[in-house]
Amino acid sequence: MRPSPRALATTAGAFIVYFALFWWRLTLKSMIPFDGNTLRLFYPSWAVGKWLLLHGFHFLWDPYRNMGQPFLASPQNEAFYPFRVLSLITNFAQYEQAFVLFHTAIAILGMSVLVYDWSRNFPSAVLAGLAAGFHGFFLARVTDHSDFASMAWVPLAFFCLSRRSTAALALTLCLQWMAGFPPFSILTIVGLGVLAASFSEPKTYFWCLAKGAVLGGALSAVQGLPFLEMLRESQRALLLDPGAALAYSMDPWSLLRAWLLPGAVVARLPFVVPDTDPAVTGFYLGPFILALSAWGFWKGGRRERVLAAGAAGACILSLGSYTGFYGHIPFITVFRFPAHWLLLSSALIIPVAAHGAARLADRRAAWVFIALVAVDFLGYAWPVHASWGDLDFVAYTRVRVAGLDNIPAGTRIFHTDIIMRRIHLWKITEKEDWLVFKGLFTPSYGAAFGIRDVAGFFQLESRRNIAYRARLNAAPLGSPLFDNAGISRIVTLTREGALKPMPGWKDCGVFENSHPKPHAFSPEGRPVVIEEDRPGRCRCRVQGPATVVYSESYYPGWMALIDGKKSPAEIFDDKFVSARVGAGEHLIEWYYFPRSVALGAGISLMALLFWGGLLWFELRALQAGKLEGHQEHA
């Protein structure tokens, strides 16, 4: 029985009110959730991306972090994610509000239509939407843009596979990849595999999954291939060592209490493991979802039992080091945190719980459970799970360290290794701690203000950049290494400050390098006239013979035009882009356009054409099926 338009409107209104209450700091007080990742990664990425959009959509190169690095290639920059366009007309606070609202709505809609398509039971669909949009794992990831957005597309991917729509599944998987968190894209494929196995004729669903995954990968190749190239240039191995791969394993007690205890109680309990990051391991579904999923498992068939088994398996894998066997599973160490498996626990168990609600003998009991789950989630969400601040606090900072208030335009700042090693250990608890954190323009926070840094916060930092940073840390002040990198400020801590849980203003120090080289220069001292300098492109003139250095990090894809003749860019000092010219005046132009982008764009374009034809075919088949059904009924 279909719900009436009035029932749908009432339910939509109730979800809007509930969203406002659940995110009351965001909606009623216009505050923004943030943590260290927000300030060092997502806010700078948003600011740099907005600047690149406003200056001609130069999305290939980021000149602000790590002495220059690819922008499009990093999924967490969300360069081609359609939602990013909204940054052109919003500030960061408005963008955050719209971002959370939109992705919550996507998660609710995807899980609701999936469950309703299976059960034709309106209360169970409402319960599924409520659980998908407001459970604890979703709440924990709100400060991590790419994680939050990637999670939101999982229920819709499940629905597309359930309807065996290859075109819709491919588009959903493409959007999820563009949302920026590859581990969740991989886990979604695993979850879709469990879902396919749950149907009575799994082969057709596995075939749909295979086609959708391949086509989705082809659609996103314009970003996917540059990502693989960046991964190859980075220090990160595809398979991590067990120590790194087992970080943030869920301890069994934290997992049990997230299922057995009410949300208001769990939210106030301390973490069992002191160094646990709540943004990674925050997980809550609660006893009411557990009770309904147990009932759904008992009253369900093959589908519910396979999904429940998959959810249980994901919970076990989230224990990581506590299992004793996790690190020995082949290829499992491609994931950094075992806690990521909780994504599948949530996504797979919610439809089982919804089936339990649909199989309750009294329809009113389902609405009682919906009310209990709603109150339970509110009880978990209302206590503080992350730091909150207004736009001024997050996006602006007053510098109180002498030397950082007058950084020359176009130069770089260098944070010494004593900061880079310790910053993730700082115990930030008070507002003053955050002010110190921001006031140092910690990597890569300064990029949000147009400050170029040497050591940005980036998991896929290139091996060249890491090697050059090591040389800088070992070099004395006044070394040519600082001059060639265009460094005007060196930020460090006192020995005593480095040992503190959280350094203060008096522990900070800034040294000035008085003669940084310009962005393009000649080591031989030849005058270099820069005619154009924008992200991923520089044009200058020089009187040769000379070597001309453009102090941006070398990556595959940098090319040089010397007097109009194309040649590969050379590497200066195993780090920077350069070119050599003979006697006379020469015009040199460098530009960054890797083959991976060209090849990826070509694949994506062909895939888009194929996807359009496939969508037309599927819509025709759907229309024909409806027409045949109507004639048969008549």
# chains A, B, ... in the order shown; residues from 1 in each chain; ligands from 1
call {"tool": "residues_around", "arguments": {"residues": "region 37-45 of chain A", "least_positions_apart": "4", "cutoff": "9 Å", "atoms": "only C-alpha atoms", "output": "ChimeraX atom specification"}}
result
/A:33,49-50,71,76-78,92,143-146,394-395,438,442-449,456-458
call {"tool": "write_last_selection", "arguments": {"atoms": "C-alpha atoms", "output": "PDB file, in the first residue's frame"}}
result
ATOM      1  CA  PRO A  33      31.912  21.198  13.667  1.00  0.00           C
ATOM      2  CA  GLY A  49      39.491  24.801  -4.550  1.00  0.00           C
ATOM      3  CA  LYS A  50      37.298  27.897  -4.396  1.00  0.00           C
ATOM      4  CA  PHE A  71      45.059  19.124  -6.922  1.00  0.00           C
ATOM      5  CA  GLN A  76      39.952  14.375  -0.798  1.00  0.00           C
ATOM      6  CA  ASN A  77      40.046  17.699  -2.662  1.00  0.00           C
ATOM      7  CA  GLU A  78      36.713  16.697  -4.278  1.00  0.00           C
ATOM      8  CA  PHE A  92      32.450  28.016   4.580  1.00  0.00           C
ATOM      9  CA  THR A 143      34.249  16.696  10.395  1.00  0.00           C
ATOM     10  CA  ASP A 144      35.759  14.609   7.582  1.00  0.00           C
ATOM     11  CA  HIS A 145      34.158  15.905   4.391  1.00  0.00           C
ATOM     12  CA  SER A 146      35.176  13.086   2.095  1.00  0.00           C
ATOM     13  CA  VAL A 394      37.324  28.567  12.077  1.00  0.00           C
ATOM     14  CA  ALA A 395      38.178  30.750   9.092  1.00  0.00           C
ATOM     15  CA  LYS A 438      45.958  28.046  14.101  1.00  0.00           C
ATOM     16  CA  THR A 442      50.153  24.736  11.040  1.00  0.00           C
ATOM     17  CA  PRO A 443      50.465  22.619   7.896  1.00  0.00           C
ATOM     18  CA  SER A 444      48.337  23.093   5.799  1.00  0.00           C
ATOM     19  CA  TYR A 445      46.092  25.614   7.552  1.00  0.00           C
ATOM     20  CA  GLY A 446      47.971  28.581   6.112  1.00  0.00           C
ATOM     21  CA  ALA A 447      47.082  27.498   2.558  1.00  0.00           C
ATOM     22  CA  ALA A 448      43.533  28.683   3.253  1.00  0.00           C
ATOM     23  CA  PHE A 449      44.943  32.224   3.429  1.00  0.00           C
ATOM     24  CA  GLY A 456      51.619  20.358   4.130  1.00  0.00           C
ATOM     25  CA  PHE A 457      49.328  17.884   5.850  1.00  0.00           C
ATOM     26  CA  PHE A 458      48.882  15.251   3.155  1.00  0.00           C
TER      27      PHE A 458
END
call {"tool": "residues_around", "arguments": {"residues": "Glu585 (chain A)", "least_positions_apart": "4", "cutoff": "7 Å", "atoms": "only C-alpha atoms", "output": "ChimeraX atom specification"}}
result
/A:542-544
call {"tool": "select_by_dssp", "arguments": {"residues": "region 430-541 of chain A", "states": "helix (DSSP H, G or I)", "output": "NGL selection string"}}
result
:A and (431-439 or 445-449 or 463-474 or 480-484 or 495-499 or 505-507)
call {"tool": "closest_residue", "arguments": {"among": "A:Phe610, A:Phe393, A:Phe199, A:Phe593", "to": "Met31 (chain A)", "atoms": "only C-alpha atoms"}}
result
A:Phe393
call {"tool": "residues_around", "arguments": {"residues": "Ala347 (chain A)", "least_positions_apart": "6", "cutoff": "10 Å", "atoms": "only C-alpha atoms", "output": "PyMOL selection string"}}
result
chain A and resi 111+128+131-132+151+154-155+158+188+191+307+310-311
call {"tool": "write_last_selection", "arguments": {"atoms": "N, CA and C atoms", "output": "CSV table (one decimal), in the first residue's frame"}}
result
chain,number,residue,atom,x,y,z
A,111,MET,N,18.2,4.8,1.6
A,111,MET,CA,17.8,3.6,2.5
A,111,MET,C,16.3,3.5,2.5
A,128,ALA,N,14.2,2.9,8.5
A,128,ALA,CA,15.4,2.8,7.7
A,128,ALA,C,16.1,4.1,7.4
A,131,ALA,N,17.5,5.7,10.6
A,131,ALA,CA,18.8,5.0,11.0
A,131,ALA,C,19.9,5.4,10.1
A,132,ALA,N,19.7,5.5,8.8
A,132,ALA,CA,20.7,5.7,7.8
A,132,ALA,C,21.2,7.2,7.9
A,151,MET,N,30.0,8.1,2.5
A,151,MET,CA,29.1,7.3,3.2
A,151,MET,C,27.7,7.5,2.7
A,154,VAL,N,26.2,5.2,-0.1
A,154,VAL,CA,26.1,3.7,0.0
A,154,VAL,C,24.7,3.2,-0.1
A,155,PRO,N,23.7,3.8,0.7
A,155,PRO,CA,22.3,3.2,0.5
A,155,PRO,C,21.8,3.3,-0.9
A,158,PHE,N,23.1,0.6,-2.9
A,158,PHE,CA,22.4,-0.7,-2.6
A,158,PHE,C,21.0,-0.7,-3.4
A,188,THR,N,32.3,-0.2,-0.2
A,188,THR,CA,31.0,-0.3,-0.9
A,188,THR,C,30.8,-1.4,-1.8
A,191,GLY,N,30.3,-4.4,0.2
A,191,GLY,CA,29.0,-4.5,0.7
A,191,GLY,C,28.0,-4.8,-0.4
A,307,LEU,N,22.6,-10.6,4.9
A,307,LEU,CA,23.0,-9.3,5.3
A,307,LEU,C,23.4,-9.2,6.8
A,310,GLY,N,26.8,-10.6,7.0
A,310,GLY,CA,27.8,-9.7,6.5
A,310,GLY,C,28.1,-8.6,7.5
A,311,ALA,N,27.0,-8.1,8.2
A,311,ALA,CA,27.2,-7.1,9.2
A,311,ALA,C,28.0,-7.6,10.4
